[in-house]
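Here is run_4.csv, consisting of CSV, C-alpha atoms and all ligand atoms:
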chain,number,residue,atom,x,y,z
A,1129,MET,CA,107.5,9.4,141.6
A,1130,PRO,CA,104.5,9.7,143.8
A,1131,VAL,CA,101.8,10.1,141.1
A,1132,GLU,CA,101.3,10.0,137.4
A,1133,THR,CA,101.4,13.6,136.3
A,1134,ILE,CA,99.4,13.5,133.0
A,1135,LYS,CA,97.7,10.8,130.9
A,1136,TRP,CA,95.1,10.1,128.3
A,1137,GLU,CA,92.1,8.4,129.8
A,1138,ARG,CA,88.7,7.5,128.2
A,1139,GLY,CA,88.9,10.3,125.6
A,1140,ALA,CA,90.1,13.0,128.0
A,1141,VAL,CA,93.3,14.3,129.5
A,1142,LYS,CA,93.6,13.5,133.2
A,1143,LEU,CA,96.2,15.5,135.2
A,1144,ILE,CA,97.1,16.2,138.8
A,1145,ASP,CA,96.4,19.8,139.7
A,1146,GLN,CA,99.8,21.0,140.8
A,1147,THR,CA,98.6,24.3,142.1
A,1148,LEU,CA,97.0,22.4,145.1
A,1149,LEU,CA,100.0,20.2,146.0
A,1150,PRO,CA,101.3,19.2,148.5
A,1151,HIS,CA,98.2,19.7,150.6
A,1152,LYS,CA,95.6,18.3,148.3
A,1153,VAL,CA,96.1,15.5,145.7
A,1154,LYS,CA,93.4,16.2,143.2
A,1155,PHE,CA,93.1,15.1,139.6
A,1156,ILE,CA,91.3,17.1,137.0
A,1157,THR,CA,89.9,15.9,133.7
A,1158,CYS,CA,90.2,18.1,130.6
A,1159,ARG,CA,87.6,17.1,128.1
A,1160,ASP,CA,88.1,20.0,125.8
A,1161,VAL,CA,91.1,22.0,124.5
A,1162,ARG,CA,90.0,25.2,126.3
A,1163,THR,CA,90.1,23.5,129.7
A,1164,LEU,CA,93.6,22.1,128.9
A,1165,TRP,CA,94.8,25.5,127.7
A,1166,ARG,CA,93.7,27.0,131.0
A,1167,ALA,CA,95.4,24.2,132.9
A,1168,ILE,CA,98.7,25.0,131.1
A,1169,ARG,CA,98.3,28.7,131.6
A,1170,THR,CA,97.5,28.5,135.3
A,1171,LEU,CA,100.2,25.9,136.0
A,1172,GLN,CA,97.9,23.1,137.0
A,1173,VAL,CA,100.2,21.2,134.6
A,1174,ARG,CA,103.7,22.7,134.5
A,1175,GLY,CA,107.4,21.9,133.8
A,1176,ALA,CA,108.8,21.9,130.3
A,1177,PRO,CA,108.4,18.3,129.3
A,1178,ALA,CA,104.9,18.0,130.9
A,1179,ILE,CA,103.8,21.1,129.0
A,1180,GLY,CA,105.0,19.4,125.8
A,1181,ILE,CA,103.0,16.3,126.6
A,1182,ALA,CA,99.9,18.4,127.4
A,1183,GLY,CA,100.4,20.1,124.0
A,1184,GLY,CA,100.4,16.8,122.1
A,1185,LEU,CA,97.3,15.5,124.0
A,1186,GLY,CA,95.7,18.9,123.6
A,1187,VAL,CA,95.8,18.6,119.8
A,1188,VAL,CA,94.0,15.3,120.1
A,1189,LEU,CA,91.4,16.9,122.3
A,1190,GLY,CA,90.9,19.7,119.9
A,1191,ILE,CA,90.1,17.5,116.9
A,1192,LYS,CA,88.7,14.3,118.3
A,1193,ASP,CA,85.1,15.4,117.8
A,1194,SER,CA,85.8,17.1,114.5
A,1195,ARG,CA,83.3,16.6,111.7
A,1196,ALA,CA,85.8,17.5,109.0
A,1197,GLY,CA,84.8,15.6,105.9
A,1198,THR,CA,88.2,15.8,104.3
A,1199,SER,CA,91.7,15.3,105.5
A,1200,ARG,CA,92.6,18.8,104.3
A,1201,LYS,CA,89.9,20.3,106.6
A,1202,LEU,CA,91.0,18.2,109.5
A,1203,ILE,CA,94.6,19.2,109.1
A,1204,GLN,CA,93.5,22.9,109.1
A,1205,GLU,CA,91.8,22.2,112.4
A,1206,VAL,CA,95.0,20.5,113.7
A,1207,LYS,CA,97.0,23.6,112.8
A,1208,LYS,CA,94.4,25.9,114.4
A,1209,THR,CA,94.3,23.9,117.6
A,1210,ALA,CA,98.1,23.8,117.7
A,1211,GLY,CA,98.2,27.6,117.2
A,1212,TYR,CA,95.8,28.1,120.1
A,1213,LEU,CA,97.8,25.8,122.4
A,1214,ALA,CA,101.0,27.6,121.5
A,1215,SER,CA,99.5,30.8,122.9
A,1216,SER,CA,99.3,29.3,126.4
A,1217,ARG,CA,102.9,29.8,127.6
A,1218,PRO,CA,105.8,31.1,125.5
A,1219,THR,CA,109.1,29.9,127.1
A,1220,ALA,CA,109.4,26.1,127.3
A,1221,VAL,CA,110.3,25.0,123.8
A,1222,ASN,CA,109.0,21.5,124.5
A,1223,LEU,CA,105.5,22.8,123.9
A,1224,PHE,CA,106.3,24.0,120.4
A,1225,TRP,CA,108.4,20.9,119.7
A,1226,ALA,CA,105.4,18.7,120.5
A,1227,LEU,CA,102.9,20.9,118.5
A,1228,GLU,CA,105.2,20.9,115.5
A,1229,ARG,CA,105.5,17.1,115.8
A,1230,MET,CA,101.8,16.7,115.8
A,1231,GLU,CA,101.3,19.0,112.8
A,1232,LYS,CA,104.0,17.2,110.9
A,1233,VAL,CA,102.5,13.7,111.5
A,1234,ALA,CA,99.1,15.0,110.4
A,1235,GLU,CA,100.6,16.4,107.2
A,1236,ASP,CA,102.6,13.3,106.5
A,1237,ASN,CA,99.4,11.3,106.5
A,1238,SER,CA,97.3,13.8,104.5
A,1239,LYS,CA,96.4,11.1,102.0
A,1240,ARG,CA,94.5,9.1,104.7
A,1241,PRO,CA,90.9,9.6,105.6
A,1242,PRO,CA,90.1,11.9,108.6
A,1243,TYR,CA,89.2,9.0,111.0
A,1244,GLU,CA,92.6,7.4,110.4
A,1245,ILE,CA,94.5,10.7,110.9
A,1246,LYS,CA,92.7,11.1,114.3
A,1247,LYS,CA,93.9,7.7,115.4
A,1248,ILE,CA,97.5,8.4,114.2
A,1249,LEU,CA,97.5,11.7,116.1
A,1250,LEU,CA,96.5,10.0,119.3
A,1251,LYS,CA,99.2,7.4,118.8
A,1252,GLU,CA,101.7,10.2,118.2
A,1253,ALA,CA,100.7,12.0,121.4
A,1254,LEU,CA,101.1,8.7,123.4
A,1255,ARG,CA,104.5,8.2,121.7
A,1256,ILE,CA,105.6,11.6,123.1
A,1257,ILE,CA,104.7,10.4,126.6
A,1258,ASP,CA,106.7,7.2,126.0
A,1259,HIS,CA,109.6,9.1,124.6
A,1260,ASP,CA,109.7,11.3,127.6
A,1261,LYS,CA,109.6,8.4,130.0
A,1262,LYS,CA,112.6,6.8,128.3
A,1263,SER,CA,114.5,10.1,128.2
A,1264,CYS,CA,114.0,10.6,131.9
A,1265,ARG,CA,115.5,7.3,132.7
A,1266,ALA,CA,118.4,7.8,130.3
A,1267,MET,CA,119.2,11.3,131.7
A,1268,ALA,CA,118.9,9.9,135.2
A,1269,ARG,CA,121.5,7.1,134.5
A,1270,ARG,CA,123.9,9.5,132.9
A,1271,GLY,CA,123.5,12.2,135.5
A,1272,ALA,CA,123.9,9.8,138.4
A,1273,GLY,CA,127.4,9.2,137.3
A,1274,LEU,CA,128.2,12.8,138.3
A,1275,ILE,CA,127.1,12.3,141.9
A,1276,ARG,CA,129.3,10.9,144.6
A,1277,SER,CA,128.1,9.3,147.8
A,1278,GLY,CA,128.1,12.0,150.4
A,1279,ASP,CA,127.3,14.8,148.1
A,1280,THR,CA,124.9,17.6,149.0
A,1281,VAL,CA,123.0,19.0,146.0
A,1282,LEU,CA,121.1,22.3,145.6
A,1283,THR,CA,118.2,22.4,143.2
A,1284,HIS,CA,115.7,25.1,142.1
A,1285,CYS,CA,112.0,25.1,141.1
A,1286,ASN,CA,110.7,21.6,140.3
A,1287,ALA,CA,112.4,19.4,137.8
A,1288,GLY,CA,110.9,16.2,139.0
A,1289,GLY,CA,108.3,13.6,138.0
A,1290,LEU,CA,105.6,16.3,138.2
A,1291,ALA,CA,107.4,18.2,135.4
A,1292,THR,CA,107.6,15.1,133.2
A,1293,ALA,CA,105.8,11.9,132.4
A,1294,ASP,CA,108.1,9.8,134.6
A,1295,TYR,CA,111.2,10.4,136.8
A,1296,GLY,CA,111.9,14.0,136.1
A,1297,THR,CA,115.1,15.6,134.8
A,1298,ALA,CA,117.3,17.1,137.6
A,1299,LEU,CA,115.4,15.2,140.3
A,1300,GLY,CA,115.6,12.0,138.2
A,1301,VAL,CA,119.3,12.2,138.6
A,1302,LEU,CA,119.0,12.4,142.3
A,1303,PHE,CA,116.4,9.5,142.5
A,1304,GLU,CA,118.7,7.3,140.4
A,1305,ALA,CA,121.8,8.2,142.6
A,1306,LYS,CA,119.8,7.2,145.7
A,1307,LYS,CA,118.6,4.0,143.9
A,1308,GLN,CA,122.3,3.2,143.3
A,1309,GLY,CA,122.9,3.3,147.0
A,1310,LYS,CA,124.6,6.7,147.1
A,1311,LYS,CA,124.0,8.8,150.2
A,1312,ILE,CA,122.9,12.3,149.2
A,1313,LYS,CA,121.3,15.3,150.8
A,1314,VAL,CA,119.4,17.9,148.9
A,1315,TYR,CA,118.7,21.6,149.5
A,1316,ALA,CA,115.6,22.8,147.6
A,1317,ASP,CA,115.1,26.5,147.0
A,1318,GLU,CA,111.5,27.4,147.8
A,1319,THR,CA,111.2,29.3,144.4
A,1320,ARG,CA,109.1,32.3,144.7
A,1321,PRO,CA,106.6,33.4,143.6
A,1322,LEU,CA,104.7,30.2,143.1
A,1323,LEU,CA,106.9,28.0,145.4
A,1324,GLN,CA,107.4,25.0,143.1
A,1325,GLY,CA,110.5,24.1,145.2
A,1326,ALA,CA,108.9,24.3,148.6
A,1327,ARG,CA,105.6,22.6,147.5
A,1328,LEU,CA,106.5,20.2,144.8
A,1329,THR,CA,110.2,19.4,144.9
A,1330,ALA,CA,110.2,18.9,148.7
A,1331,TRP,CA,107.1,16.6,148.3
A,1332,GLU,CA,108.7,14.5,145.6
A,1333,LEU,CA,112.1,14.2,147.3
A,1334,MET,CA,110.7,13.4,150.7
A,1335,HIS,CA,108.4,10.8,149.1
A,1336,GLU,CA,111.6,9.0,147.9
A,1337,GLY,CA,113.1,9.2,151.3
A,1338,ILE,CA,115.8,11.7,150.3
A,1339,ASP,CA,117.2,14.0,153.1
A,1340,THR,CA,115.7,17.3,152.1
A,1341,THR,CA,116.1,20.8,153.4
A,1342,VAL,CA,114.0,23.7,152.1
A,1343,ILE,CA,115.6,27.1,152.0
A,1344,CYS,CA,114.3,30.5,151.0
A,1345,ASP,CA,115.7,31.7,147.7
A,1346,ASN,CA,117.7,34.4,149.3
A,1347,MET,CA,119.6,31.9,151.5
A,1348,ALA,CA,121.3,30.2,148.6
A,1349,ALA,CA,124.4,32.4,148.7
A,1350,SER,CA,125.1,31.9,152.4
A,1351,VAL,CA,124.4,28.2,152.2
A,1352,MET,CA,127.0,28.0,149.3
A,1353,ALA,CA,129.5,30.1,151.3
A,1354,SER,CA,129.2,27.9,154.3
A,1355,GLY,CA,130.5,25.0,152.1
A,1356,LYS,CA,127.3,22.9,152.4
A,1357,ILE,CA,126.8,22.5,148.6
A,1358,ASP,CA,128.8,20.2,146.4
A,1359,LYS,CA,126.9,20.4,143.2
A,1360,ILE,CA,123.9,22.2,141.7
A,1361,PHE,CA,121.4,20.3,139.5
A,1362,VAL,CA,118.5,22.2,137.8
A,1363,GLY,CA,116.3,21.7,134.7
A,1364,ALA,CA,115.8,23.9,131.7
A,1365,ASP,CA,113.0,25.2,129.6
A,1366,ARG,CA,114.8,26.3,126.4
A,1367,ILE,CA,118.5,26.0,125.6
A,1368,ALA,CA,120.2,27.8,122.7
A,1369,LEU,CA,123.1,26.6,120.7
A,1370,ASN,CA,125.7,28.5,122.7
A,1371,GLY,CA,124.4,27.0,126.0
A,1372,ASP,CA,122.4,30.0,127.1
A,1373,ALA,CA,119.5,28.4,128.9
A,1374,ALA,CA,116.2,29.7,130.2
A,1375,ASN,CA,114.9,28.2,133.4
A,1376,LYS,CA,112.8,29.3,136.3
A,1377,ILE,CA,113.5,32.8,137.5
A,1378,GLY,CA,116.4,32.7,140.0
A,1379,THR,CA,118.4,30.0,138.2
A,1380,TYR,CA,120.7,32.7,136.8
A,1381,SER,CA,121.6,34.0,140.2
A,1382,LEU,CA,122.4,30.5,141.4
A,1383,ALA,CA,124.7,30.0,138.4
A,1384,VAL,CA,126.6,33.2,139.2
A,1385,LEU,CA,126.9,32.2,142.8
A,1386,ALA,CA,128.1,28.7,141.8
A,1387,LYS,CA,130.9,30.2,139.7
A,1388,TYR,CA,132.0,32.4,142.6
A,1389,HIS,CA,132.0,29.5,145.0
A,1390,ARG,CA,133.5,27.1,142.5
A,1391,ILE,CA,130.5,24.7,142.6
A,1392,PRO,CA,129.7,22.7,139.5
A,1393,PHE,CA,126.4,23.8,137.9
A,1394,TYR,CA,124.6,21.1,135.9
A,1395,MET,CA,121.5,21.5,133.8
A,1396,VAL,CA,119.5,18.3,133.0
A,1397,ALA,CA,117.2,18.5,130.1
A,1398,PRO,CA,115.9,16.2,127.3
A,1399,VAL,CA,116.8,17.0,123.6
A,1400,SER,CA,113.2,18.4,123.2
A,1401,SER,CA,114.3,21.3,125.5
A,1402,PHE,CA,117.0,22.4,123.1
A,1403,ASP,CA,116.2,25.1,120.6
A,1404,LEU,CA,119.3,25.0,118.4
A,1405,ARG,CA,117.8,27.3,115.8
A,1406,LEU,CA,118.6,30.0,118.4
A,1407,LYS,CA,122.3,30.9,118.4
A,1408,SER,CA,122.1,32.5,121.8
A,1409,GLY,CA,119.6,33.1,124.6
A,1410,LYS,CA,119.0,36.7,123.5
A,1411,ASN,CA,115.8,35.7,121.6
A,1412,ILE,CA,114.3,33.3,124.1
A,1413,PRO,CA,110.8,34.6,124.9
A,1414,ILE,CA,110.4,35.2,128.6
A,1415,GLU,CA,107.0,34.8,130.0
A,1416,GLU,CA,105.7,37.6,132.3
A,1417,ARG,CA,103.0,36.4,134.6
A,1418,PRO,CA,100.3,38.2,136.6
A,1419,ALA,CA,101.3,40.7,139.2
A,1420,ASP,CA,99.2,39.1,141.9
A,1421,GLU,CA,101.5,36.1,141.9
A,1422,VAL,CA,104.1,38.4,143.5
A,1423,ARG,CA,101.6,40.4,145.6
A,1424,THR,CA,100.3,37.3,147.3
A,1425,VAL,CA,101.7,34.2,148.9
A,1426,LEU,CA,99.5,31.2,148.6
A,1427,GLY,CA,96.6,33.5,147.9
A,1428,LYS,CA,97.2,35.8,150.8
A,1429,GLN,CA,98.1,39.5,150.0
A,1430,VAL,CA,101.5,40.4,151.3
A,1431,THR,CA,102.2,43.7,149.5
A,1432,PRO,CA,100.1,46.9,149.5
A,1433,LYS,CA,97.1,46.2,147.3
A,1434,LYS,CA,98.3,48.1,144.2
A,1435,ALA,CA,102.1,47.7,144.7
A,1436,LYS,CA,103.9,47.8,141.3
A,1437,VAL,CA,105.2,44.4,140.4
A,1438,TYR,CA,107.6,42.9,137.9
A,1439,ASN,CA,107.1,39.1,137.4
A,1440,PRO,CA,109.2,37.4,134.8
A,1441,ALA,CA,108.7,33.7,135.2
A,1442,PHE,CA,112.1,32.7,133.7
A,1443,ASP,CA,115.7,34.0,133.4
A,1444,VAL,CA,118.5,33.1,131.0
A,1445,THR,CA,121.7,31.6,132.4
A,1446,PRO,CA,124.6,32.4,130.1
A,1447,GLY,CA,126.2,29.2,128.7
A,1448,GLU,CA,129.6,30.2,130.2
A,1449,LEU,CA,128.2,29.5,133.7
A,1450,VAL,CA,127.0,26.0,132.9
A,1451,THR,CA,129.4,23.1,133.7
A,1452,ALA,CA,127.6,20.6,131.5
A,1453,PHE,CA,124.2,19.7,130.1
A,1454,VAL,CA,123.0,16.2,130.9
A,1455,THR,CA,120.7,14.8,128.2
A,1456,GLU,CA,119.4,11.4,127.2
A,1457,ARG,CA,122.0,11.4,124.4
A,1458,GLY,CA,125.0,12.2,126.6
A,1459,ILE,CA,126.7,14.8,128.7
A,1460,PHE,CA,127.7,17.9,126.8
A,1461,ARG,CA,130.5,20.2,128.0
A,1462,PRO,CA,131.8,23.6,126.7
A,1463,PRO,CA,132.4,24.9,124.2
A,1464,PHE,CA,128.7,24.4,123.7
A,1465,ALA,CA,128.5,26.1,120.3
A,1466,ARG,CA,130.6,23.1,119.1
A,1467,SER,CA,129.4,20.2,121.4
A,1468,LEU,CA,125.7,20.9,121.1
A,1469,ARG,CA,125.9,20.7,117.3
A,1470,LYS,CA,125.8,16.9,117.7
A,1471,LEU,CA,122.2,17.3,118.7
A,1472,THR,CA,121.1,19.1,115.5
B,1,LIG,O1,106.8,27.8,135.5
B,1,LIG,P1,107.1,26.3,135.6
B,1,LIG,O2,106.8,25.7,136.9
B,1,LIG,O3,106.5,25.6,134.5
B,1,LIG,O4,108.7,26.3,135.4
B,1,LIG,C1,109.3,25.1,135.4
B,1,LIG,C2,110.8,25.2,135.4
B,1,LIG,O5,111.4,26.2,135.2
B,1,LIG,C3,111.5,23.9,135.4
B,1,LIG,O6,112.7,24.0,136.1
B,1,LIG,C4,111.8,23.4,134.0
B,1,LIG,O7,110.6,23.3,133.3
B,1,LIG,C5,112.6,22.2,133.9
B,1,LIG,S1,111.6,20.9,134.4
B,1,LIG,C6,112.0,19.4,133.9

Let me see the structure of the file written as structure tokens.
Ligand code: MRU
Amino acid sequence: MPVETIKWERGAVKLIDQTLLPHKVKFITCRDVRTLWRAIRTLQVRGAPAIGIAGGLGVVLGIKDSRAGTSRKLIQEVKKTAGYLASSRPTAVNLFWALERMEKVAEDNSKRPPYEIKKILLKEALRIIDHDKKSCRAMARRGAGLIRSGDTVLTHCNAGGLATADYGTALGVLFEAKKQGKKIKVYADETRPLLQGARLTAWELMHEGIDTTVICDNMAASVMASGKIDKIFVGADRIALNGDAANKIGTYSLAVLAKYHRIPFYMVAPVSSFDLRLKSGKNIPIEERPADEVRTVLGKQVTPKKAKVYNPAFDVTPGELVTAFVTERGIFRPPFARSLRKLT
């Protein structure tokens, strides 16, 4: 991966500003939880696992200077901070997974003095990063087994190192396949409105020396029809028990097209992206983002100024369109309502 996406450094959260990539590589330092909340909301840090990591570190930021004299008070502040961070983006379950984990560790240590709880929380947030690194490598190894030398893969949005602490999810599989000596080519959807595919995925793949072709989202059908695509690999933001999975808007249409063209459709995601309390995708909250993201391209107005806009950031791919989920704990195939139970 070209850069370290997010880390804890000298009492602050340092992250690469993904809104400026690939033209500008700039790191920002979040010294308080409000700045971090804004970084999540504005997609300076983005991608399901990276948002989870930001959430964990955000809790530490929120309480590190707390003057709470009792652990009960400190734990109240932890919960308040977690609640605040939870309001930044609704869809990727990794954020809520990380926040719950931080709250639980605080509660489990409620008998200790506040200064110790603070240390334990920092340790836990760093553990979340470490856990993500290991998951990325494990997913990559398992997923690479699905790729044959000579394959051409289509991907959507950015499910690479920038979306995680390490290798990425879907892109990690491709990096690993390349490392194993397999010859692969990748088509990357540009991914309107914010162009994560064109800006971030192309940048990451090209950095690794992978043969990369960027296409506009509306070209995917004809590229598949022309027989150019062997497999599709994408990430996921929240997966329900029946395999319904939210991912970047446009993923659902790719899955429908894949079915029609008989192309295997794989979703690569760590266990922290599964929300198995949800029986189906019906109740996955879908984030709606500001209209100007659609009215503009890279800051330049492309529609009439007040054009009415609909801007859902994610869609839900029905589980029946998914060939398999690649996770750090194995590859899961249909029927998902049965196979995914192993993850509960
Ligand atoms: O809005 P974003 O850029 O945060 O959306 C990201 C995606 O949809 C990714 O595909 C998903 O988080 C999986 S990344 C490992």

Neighbour residues at most 8 Å from (115.0, 22.1, 124.2) (all atoms listed in the file) as a list in words: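 Protein and nucleic acid residues near the point are Ala1220, Val1221, Asn1222, Ala1364, Asp1365, Arg1366, Ile1367, Ala1368, Ala1397, Pro1398, Val1399, Ser1400, Ser1401, Phe1402, Asp1403 and Leu1404 of chain A.
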
I need the chosen residues saved as a short mmCIF file (atom, residue, chain, number, x, y, z; two decimals), keeping the file's coordinate frame, with C-alpha atoms.
data_model
loop_
_atom_site.label_atom_id
_atom_site.label_comp_id
_atom_site.auth_asym_id
_atom_site.auth_seq_id
_atom_site.Cartn_x
_atom_site.Cartn_y
_atom_site.Cartn_z
CA ALA A 1220 109.40 26.10 127.30
CA VAL A 1221 110.30 25.00 123.80
CA ASN A 1222 109.00 21.50 124.50
CA ALA A 1364 115.80 23.90 131.70
CA ASP A 1365 113.00 25.20 129.60
CA ARG A 1366 114.80 26.30 126.40
CA ILE A 1367 118.50 26.00 125.60
CA ALA A 1368 120.20 27.80 122.70
CA ALA A 1397 117.20 18.50 130.10
CA PRO A 1398 115.90 16.20 127.30
CA VAL A 1399 116.80 17.00 123.60
CA SER A 1400 113.20 18.40 123.20
CA SER A 1401 114.30 21.30 125.50
CA PHE A 1402 117.00 22.40 123.10
CA ASP A 1403 116.20 25.10 120.60
CA LEU A 1404 119.30 25.00 118.40
#

Name all residues at most 10 Å from Gly1190 in chain A (count all atoms listed in the file; drop same-chain ones fewer than 6 positions away) and give them as a ChimeraX atom specification. /A:1159-1162,1164,1205-1206,1208-1210,1212-1213

Output C-alpha atoms of each residue in that selection to a file, as a PDB file, keeping the file's coordinate frame.
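This is the output file out_35.pdb:
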ATOM      1  CA  ARG A1159      87.600  17.100 128.100  1.00  0.00           C
ATOM      2  CA  ASP A1160      88.100  20.000 125.800  1.00  0.00           C
ATOM      3  CA  VAL A1161      91.100  22.000 124.500  1.00  0.00           C
ATOM      4  CA  ARG A1162      90.000  25.200 126.300  1.00  0.00           C
ATOM      5  CA  LEU A1164      93.600  22.100 128.900  1.00  0.00           C
ATOM      6  CA  GLU A1205      91.800  22.200 112.400  1.00  0.00           C
ATOM      7  CA  VAL A1206      95.000  20.500 113.700  1.00  0.00           C
ATOM      8  CA  LYS A1208      94.400  25.900 114.400  1.00  0.00           C
ATOM      9  CA  THR A1209      94.300  23.900 117.600  1.00  0.00           C
ATOM     10  CA  ALA A1210      98.100  23.800 117.700  1.00  0.00           C
ATOM     11  CA  TYR A1212      95.800  28.100 120.100  1.00  0.00           C
ATOM     12  CA  LEU A1213      97.800  25.800 122.400  1.00  0.00           C
TER      13      LEU A1213
END

Compile a residue-level contact table for chain A against ligand LIG 1 (chain B) at a cut-off of 9 Å, reporting for every qualifying residue the shortest atom pair and its distance in Å to one decimal, with only C-alpha atoms and all ligand atoms counted, rows ordered by chain and ascending number, as JSON lines.
{"residue": "A:Ile1168", "atom": "CA", "partner": "B:LIG1", "partner_atom": "O3", "distance": 8.5}
{"residue": "A:Leu1171", "atom": "CA", "partner": "B:LIG1", "partner_atom": "O3", "distance": 6.5}
{"residue": "A:Val1173", "atom": "CA", "partner": "B:LIG1", "partner_atom": "O3", "distance": 7.7}
{"residue": "A:Arg1174", "atom": "CA", "partner": "B:LIG1", "partner_atom": "O3", "distance": 4.0}
{"residue": "A:Gly1175", "atom": "CA", "partner": "B:LIG1", "partner_atom": "O7", "distance": 3.5}
{"residue": "A:Ala1176", "atom": "CA", "partner": "B:LIG1", "partner_atom": "O7", "distance": 3.8}
{"residue": "A:Pro1177", "atom": "CA", "partner": "B:LIG1", "partner_atom": "C6", "distance": 5.9}
{"residue": "A:Ala1178", "atom": "CA", "partner": "B:LIG1", "partner_atom": "C6", "distance": 7.8}
{"residue": "A:Ile1179", "atom": "CA", "partner": "B:LIG1", "partner_atom": "O3", "distance": 7.6}
{"residue": "A:Arg1217", "atom": "CA", "partner": "B:LIG1", "partner_atom": "O3", "distance": 8.8}
{"residue": "A:Thr1219", "atom": "CA", "partner": "B:LIG1", "partner_atom": "O3", "distance": 8.9}
{"residue": "A:Ala1220", "atom": "CA", "partner": "B:LIG1", "partner_atom": "O7", "distance": 6.7}
{"residue": "A:His1284", "atom": "CA", "partner": "B:LIG1", "partner_atom": "O6", "distance": 6.8}
{"residue": "A:Cys1285", "atom": "CA", "partner": "B:LIG1", "partner_atom": "O6", "distance": 5.2}
{"residue": "A:Asn1286", "atom": "CA", "partner": "B:LIG1", "partner_atom": "O6", "distance": 5.2}
{"residue": "A:Ala1287", "atom": "CA", "partner": "B:LIG1", "partner_atom": "S1", "distance": 3.8}
{"residue": "A:Gly1288", "atom": "CA", "partner": "B:LIG1", "partner_atom": "C6", "distance": 6.1}
{"residue": "A:Gly1289", "atom": "CA", "partner": "B:LIG1", "partner_atom": "C6", "distance": 8.0}
{"residue": "A:Leu1290", "atom": "CA", "partner": "B:LIG1", "partner_atom": "C6", "distance": 8.3}
{"residue": "A:Ala1291", "atom": "CA", "partner": "B:LIG1", "partner_atom": "C6", "distance": 5.0}
{"residue": "A:Thr1292", "atom": "CA", "partner": "B:LIG1", "partner_atom": "C6", "distance": 6.2}
{"residue": "A:Gly1296", "atom": "CA", "partner": "B:LIG1", "partner_atom": "C6", "distance": 5.8}
{"residue": "A:Thr1297", "atom": "CA", "partner": "B:LIG1", "partner_atom": "C6", "distance": 5.0}
{"residue": "A:Ala1298", "atom": "CA", "partner": "B:LIG1", "partner_atom": "C6", "distance": 6.9}
{"residue": "A:Leu1299", "atom": "CA", "partner": "B:LIG1", "partner_atom": "C6", "distance": 8.4}
{"residue": "A:Leu1322", "atom": "CA", "partner": "B:LIG1", "partner_atom": "O2", "distance": 7.9}
{"residue": "A:Leu1323", "atom": "CA", "partner": "B:LIG1", "partner_atom": "O2", "distance": 8.8}
{"residue": "A:Gln1324", "atom": "CA", "partner": "B:LIG1", "partner_atom": "O2", "distance": 6.3}
{"residue": "A:Val1362", "atom": "CA", "partner": "B:LIG1", "partner_atom": "O6", "distance": 6.3}
{"residue": "A:Gly1363", "atom": "CA", "partner": "B:LIG1", "partner_atom": "C5", "distance": 3.8}
{"residue": "A:Ala1364", "atom": "CA", "partner": "B:LIG1", "partner_atom": "C5", "distance": 4.2}
{"residue": "A:Asp1365", "atom": "CA", "partner": "B:LIG1", "partner_atom": "O7", "distance": 4.8}
{"residue": "A:Arg1366", "atom": "CA", "partner": "B:LIG1", "partner_atom": "O7", "distance": 8.6}
{"residue": "A:Ala1374", "atom": "CA", "partner": "B:LIG1", "partner_atom": "O5", "distance": 7.8}
{"residue": "A:Asn1375", "atom": "CA", "partner": "B:LIG1", "partner_atom": "O5", "distance": 4.4}
{"residue": "A:Lys1376", "atom": "CA", "partner": "B:LIG1", "partner_atom": "O5", "distance": 3.6}
{"residue": "A:Ile1377", "atom": "CA", "partner": "B:LIG1", "partner_atom": "O5", "distance": 7.3}
{"residue": "A:Thr1379", "atom": "CA", "partner": "B:LIG1", "partner_atom": "O5", "distance": 8.5}
{"residue": "A:Met1395", "atom": "CA", "partner": "B:LIG1", "partner_atom": "C5", "distance": 8.9}
{"residue": "A:Val1396", "atom": "CA", "partner": "B:LIG1", "partner_atom": "C6", "distance": 7.6}
{"residue": "A:Ala1397", "atom": "CA", "partner": "B:LIG1", "partner_atom": "C6", "distance": 6.5}
{"residue": "A:Pro1398", "atom": "CA", "partner": "B:LIG1", "partner_atom": "C6", "distance": 8.3}
{"residue": "A:Ser1401", "atom": "CA", "partner": "B:LIG1", "partner_atom": "C5", "distance": 8.6}
{"residue": "A:Glu1415", "atom": "CA", "partner": "B:LIG1", "partner_atom": "O1", "distance": 8.9}
{"residue": "A:Ala1441", "atom": "CA", "partner": "B:LIG1", "partner_atom": "O1", "distance": 6.2}
{"residue": "A:Phe1442", "atom": "CA", "partner": "B:LIG1", "partner_atom": "O5", "distance": 6.7}

Could you give me, as a VMD selection string, the residues within 7 Å of Ser1408 in chain A, counting only C-alpha atoms and dropping anything in the same chain fewer than 6 positions from it? chain A and resid 1368 to 1370 1372

For CA of Lys1239 in chain A and CA of Lys1135 in chain A, the interatomic separation in Å (one decimal):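 Separation between CA of Lys1239 in chain A and CA of Lys1135 in chain A: 28.9 Å.
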
Between A:Arg1169, A:Lys1261, A:Arg1229, A:Arg1240, which is the closest to Gly1197 in chain A once you count only C-alpha atoms?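 For Gly1197 in chain A, the nearest of the candidates is A:Arg1240.
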
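Here CA of Asp1260 in chain A and CA of Ala1293 in chain A stand 6.2 Å from one another.
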
List as a PyMOL selection string the protein and nucleic acid residues near Gly1278 in chain A, meaning an atom at most 9 Å away when only C-alpha atoms are counted, but skip any in the same chain fewer than 2 places from it. chain A and resi 1275-1276+1280+1310-1313

When you count only C-alpha atoms, which of these residues is closest to Leu1223 in chain A: A:Ile1203, A:Gly1183, A:Ile1256, A:Asp1339?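 Counting only C-alpha atoms, the residue closest to Leu1223 in chain A is A:Gly1183.
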
Pick out the residues sitting within 9 Å of Glu1416 in chain A, and hand them over as a PyMOL selection string; count only C-alpha atoms, and ignore anything fewer than 2 positions along from it in its own chain. chain A and resi 1414+1418-1419+1438-1442
